[in-house]
$ cat query.txt   # compact mmCIF, C-alpha atoms
# COMPACT_ATOMS: atom_id res chain seq x y z
CA MET A 75 61.68 7.29 -36.79
CA GLY A 76 62.94 10.66 -37.83
CA PRO A 77 62.13 14.32 -37.89
CA GLU A 78 58.89 13.73 -39.82
CA THR A 79 57.47 11.72 -36.93
CA LEU A 80 58.62 14.32 -34.43
CA SER A 81 57.04 17.00 -36.54
CA LEU A 82 53.73 15.15 -36.58
CA GLU A 83 53.86 14.67 -32.80
CA TRP A 84 54.72 18.34 -32.33
CA GLN A 85 51.73 19.40 -34.46
CA THR A 86 49.37 17.17 -32.51
CA LEU A 87 50.63 18.32 -29.11
CA GLN A 88 50.71 21.96 -30.15
CA ASN A 89 47.02 21.77 -31.10
CA GLN A 90 46.25 20.25 -27.71
CA PHE A 91 48.36 22.87 -25.95
CA ASP A 92 46.44 25.64 -27.69
CA SER A 93 43.07 24.10 -26.82
CA TYR A 94 44.01 24.15 -23.12
CA GLU A 95 44.37 27.91 -23.42
CA LYS A 96 40.82 28.20 -24.74
CA TYR A 97 39.43 26.19 -21.83
CA SER A 98 41.40 28.25 -19.34
CA LEU A 99 39.75 31.34 -20.76
CA ALA A 100 36.34 29.64 -20.42
CA ILE A 101 37.05 28.96 -16.72
CA LYS A 102 37.92 32.65 -16.26
CA LEU A 103 34.71 33.73 -17.99
CA VAL A 104 32.66 31.44 -15.74
CA ALA A 105 34.38 33.06 -12.74
CA VAL A 106 33.44 36.53 -14.01
CA LEU A 107 29.84 35.41 -14.57
CA LEU A 108 29.70 33.78 -11.14
CA THR A 109 30.99 36.96 -9.53
CA ALA A 110 28.37 39.05 -11.31
CA ILE A 111 25.63 36.66 -10.15
CA ALA A 112 27.03 36.65 -6.61
CA LEU A 113 27.01 40.43 -6.48
CA LEU A 114 23.55 40.78 -8.01
CA THR A 115 21.98 38.18 -5.73
CA GLN A 116 23.98 39.24 -2.67
CA LEU A 117 25.30 35.75 -1.99
CA PRO A 118 27.21 35.51 1.27
CA VAL A 119 30.74 36.81 0.79
CA LEU A 120 32.44 33.67 2.06
CA PHE A 121 30.41 31.51 -0.34
CA ALA A 122 31.33 33.70 -3.34
CA ILE A 123 35.00 33.79 -2.35
CA VAL A 124 35.11 30.00 -2.01
CA LEU A 125 33.43 29.47 -5.40
CA ILE A 126 35.83 31.85 -7.11
CA GLY A 127 38.72 30.15 -5.32
CA VAL A 128 37.59 26.75 -6.57
CA LEU A 129 37.56 28.04 -10.16
CA TRP A 130 40.96 29.66 -9.63
CA LEU A 131 42.46 26.38 -8.41
CA GLN A 132 40.77 24.50 -11.27
CA ASP A 133 42.39 26.90 -13.70
CA GLY A 134 45.75 26.25 -12.03
CA ILE A 135 45.21 22.50 -12.37
CA TRP A 136 44.27 22.96 -16.03
CA LYS A 137 47.42 25.03 -16.63
CA THR A 138 49.49 22.32 -14.92
CA PHE A 139 48.31 19.81 -17.49
CA GLN A 140 49.02 22.33 -20.25
CA GLY A 141 52.51 22.77 -18.83
CA ARG A 142 53.19 19.09 -19.31
CA PHE A 143 52.38 19.46 -23.00
CA GLU A 144 54.78 22.39 -23.09
CA GLN A 145 57.60 20.34 -21.57
CA ARG A 146 57.23 17.66 -24.21
CA LEU A 147 56.92 20.21 -27.00
CA LEU A 148 60.22 21.74 -25.90
CA GLN A 149 61.87 18.33 -25.94
CA ILE A 150 60.58 17.65 -29.45
CA GLU A 151 61.77 21.02 -30.64
CA ALA A 152 65.24 20.29 -29.28
CA GLU A 153 65.23 16.94 -31.07
CA ILE A 154 64.11 18.51 -34.32
CA ARG A 155 66.91 21.08 -33.99
CA GLU A 156 69.47 18.35 -33.44
CA SER A 157 68.02 16.36 -36.38
CA GLY A 158 70.32 13.45 -35.77
CA THR A 159 68.53 11.75 -32.89
CA SER A 160 64.93 11.08 -31.99
CA THR A 161 62.84 10.32 -28.96
CA ASP A 162 60.12 8.73 -31.11
CA CYS A 163 56.94 10.11 -29.61
CA GLN A 164 57.54 9.57 -25.90
CA PHE A 165 54.91 11.99 -24.59
CA ASN A 166 53.22 9.55 -22.22
CA SER A 167 56.52 8.20 -20.91
CA ALA A 168 57.80 11.71 -20.35
CA TYR A 169 54.56 12.61 -18.57
CA GLN A 170 54.71 9.52 -16.37
CA ALA A 171 58.34 10.15 -15.48
CA GLN A 172 57.55 13.71 -14.43
CA ALA A 173 54.16 13.16 -12.80
CA ASN A 174 54.08 14.20 -9.18
CA SER A 175 51.90 12.76 -6.48
CA GLY A 176 50.52 13.93 -3.17
CA GLY A 177 52.00 17.10 -1.76
CA ALA A 178 54.28 17.73 -4.74
CA LEU A 179 51.30 17.68 -7.09
CA ILE A 180 49.36 20.08 -4.87
CA ALA A 181 52.42 22.37 -4.74
CA GLU A 182 52.60 22.28 -8.55
CA TYR A 183 48.90 23.20 -8.81
CA ILE A 184 49.38 26.12 -6.41
CA LYS A 185 52.48 27.27 -8.31
CA GLN A 186 50.50 27.33 -11.57
CA SER A 187 47.63 29.14 -9.84
CA LEU A 188 50.00 31.91 -8.76
CA ARG A 189 51.22 32.67 -12.28
CA PRO A 190 50.06 36.17 -13.29
CA THR A 191 48.20 34.90 -16.35
CA VAL A 192 46.18 32.52 -14.17
CA MET A 193 45.79 34.91 -11.23
CA TYR A 194 44.53 37.80 -13.32
CA PRO A 195 40.79 37.70 -13.01
CA TYR A 196 40.60 35.85 -9.71
CA VAL A 197 42.40 38.38 -7.54
CA VAL A 198 40.29 41.16 -9.02
CA LEU A 199 37.07 39.16 -8.60
CA GLU A 200 37.87 38.23 -4.99
CA ALA A 201 38.63 41.88 -4.21
CA LEU A 202 35.41 42.98 -5.91
CA VAL A 203 33.33 40.60 -3.77
CA VAL A 204 35.03 41.78 -0.59
CA ALA A 205 34.65 45.44 -1.57
CA ALA A 206 30.96 44.90 -2.30
CA ALA A 207 30.49 43.27 1.09
CA VAL A 208 32.25 46.12 2.86
CA TYR A 209 30.18 48.67 0.92
CA GLN A 210 26.94 46.84 1.77
CA SER A 211 27.80 46.75 5.46
CA PHE A 212 27.72 50.55 5.66

$ encode --input "query.txt" --output "structure tokens"
Amino acid sequence: MGPETLSLEWQTLQNQFDSYEKYSLAIKLVAVLLTAIALLTQLPVLFAIVLIGVLWLQDGIWKTFQGRFEQRLLQIEAEIRESGTSTDCQFNSAYQAQANSGGALIAEYIKQSLRPTVMYPYVVLEALVVAAAVYQSF
């Protein structure tokens, strides 16, 4: 199969890649809402911090999956540029070959969670909860 097949695969994966971004934003919005509820209801600080942390890690996991789409998209783009060879839609094989397990997978999740675009609301929300708790203790 040739560049047409690669182009079709690229279009499909690019749509999926973009949809992951929308869901990542939804996770962030849930974290903002959860923080507002936690502050308004005066949930225990540790409970709020843990809940926000869970959403933060979930966002990192989500971005890890998105990153795998990105890796394949880059491969396809290289193939399209070369135009003489093809990998003939090997997304699942590429994913399987790169899939980590155990500690390496956890390290990958943490690495994604520490990217500035993933960290953005969570660090602020965690600090807001702590600041509210400190303020309430006075």

$ closest_residue --input "query.txt" --among "A:Ala178, A:Ile150, A:Val192, A:Ile184" --to "Glu78 in chain A" --atoms "only C-alpha atoms"
A:Ile150

$ closest_residue --input "query.txt" --among "A:Gln149, A:Ser175, A:Ser187, A:Asn89" --to "Ile135 in chain A" --atoms "all atoms listed in the file"
A:Ser187

$ residues_around --input "query.txt" --residues "Phe143 in chain A" --least-positions-apart "6" --cutoff "8 Å" --atoms "all atoms listed in the file" --output "MDAnalysis selection string"
chainID A and resid 87:88 90:91

$ write_last_selection --input "query.txt" --atoms "C-alpha atoms" --output "short mmCIF file (atom, residue, chain, number, x, y, z; two decimals), keeping the file's coordinate frame"
data_model
loop_
_atom_site.label_atom_id
_atom_site.label_comp_id
_atom_site.auth_asym_id
_atom_site.auth_seq_id
_atom_site.Cartn_x
_atom_site.Cartn_y
_atom_site.Cartn_z
CA LEU A 87 50.63 18.32 -29.11
CA GLN A 88 50.71 21.96 -30.15
CA GLN A 90 46.25 20.25 -27.71
CA PHE A 91 48.36 22.87 -25.95
#

$ closest_residue --input "query.txt" --among "A:Gly176, A:Gly76, A:Gly134, A:Pro118" --to "Thr191 in chain A" --atoms "all atoms listed in the file"
A:Gly134

$ atom_distance --input "query.txt" --atom1 "CA of Leu80 in chain A" --atom2 "CA of Thr138 in chain A"
23.0 Å

$ closest_residue --input "query.txt" --among "A:Val119, A:Leu82, A:Leu199, A:Leu147" --to "Val104 in chain A" --atoms "only C-alpha atoms"
A:Leu199

$ atom_distance --input "query.txt" --atom1 "CA of Glu200 in chain A" --atom2 "CA of Gly141 in chain A"
25.4 Å

$ residues_around --input "query.txt" --residues "Ile101 in chain A" --least-positions-apart "6" --cutoff "10 Å" --atoms "only C-alpha atoms" --output "PyMOL selection string"
chain A and resi 95+107+129-130+132-133+136

$ residues_around --input "query.txt" --residues "Ile111 in chain A" --least-positions-apart "3" --cutoff "12 Å" --atoms "only C-alpha atoms" --output "ChimeraX atom specification"
/A:104-108,114-118,122,125-126,199,203

$ closest_residue --input "query.txt" --among "A:Met193, A:Leu99, A:Glu151, A:Ile180" --to "Gln85 in chain A" --atoms "all atoms listed in the file"
A:Glu151

$ atom_distance --input "query.txt" --atom1 "CA of Tyr183 in chain A" --atom2 "CA of Ala171 in chain A"
17.4 Å

$ closest_residue --input "query.txt" --among "A:Tyr97, A:Lys137, A:Thr79, A:Thr109" --to "Val198 in chain A" --atoms "all atoms listed in the file"
A:Thr109
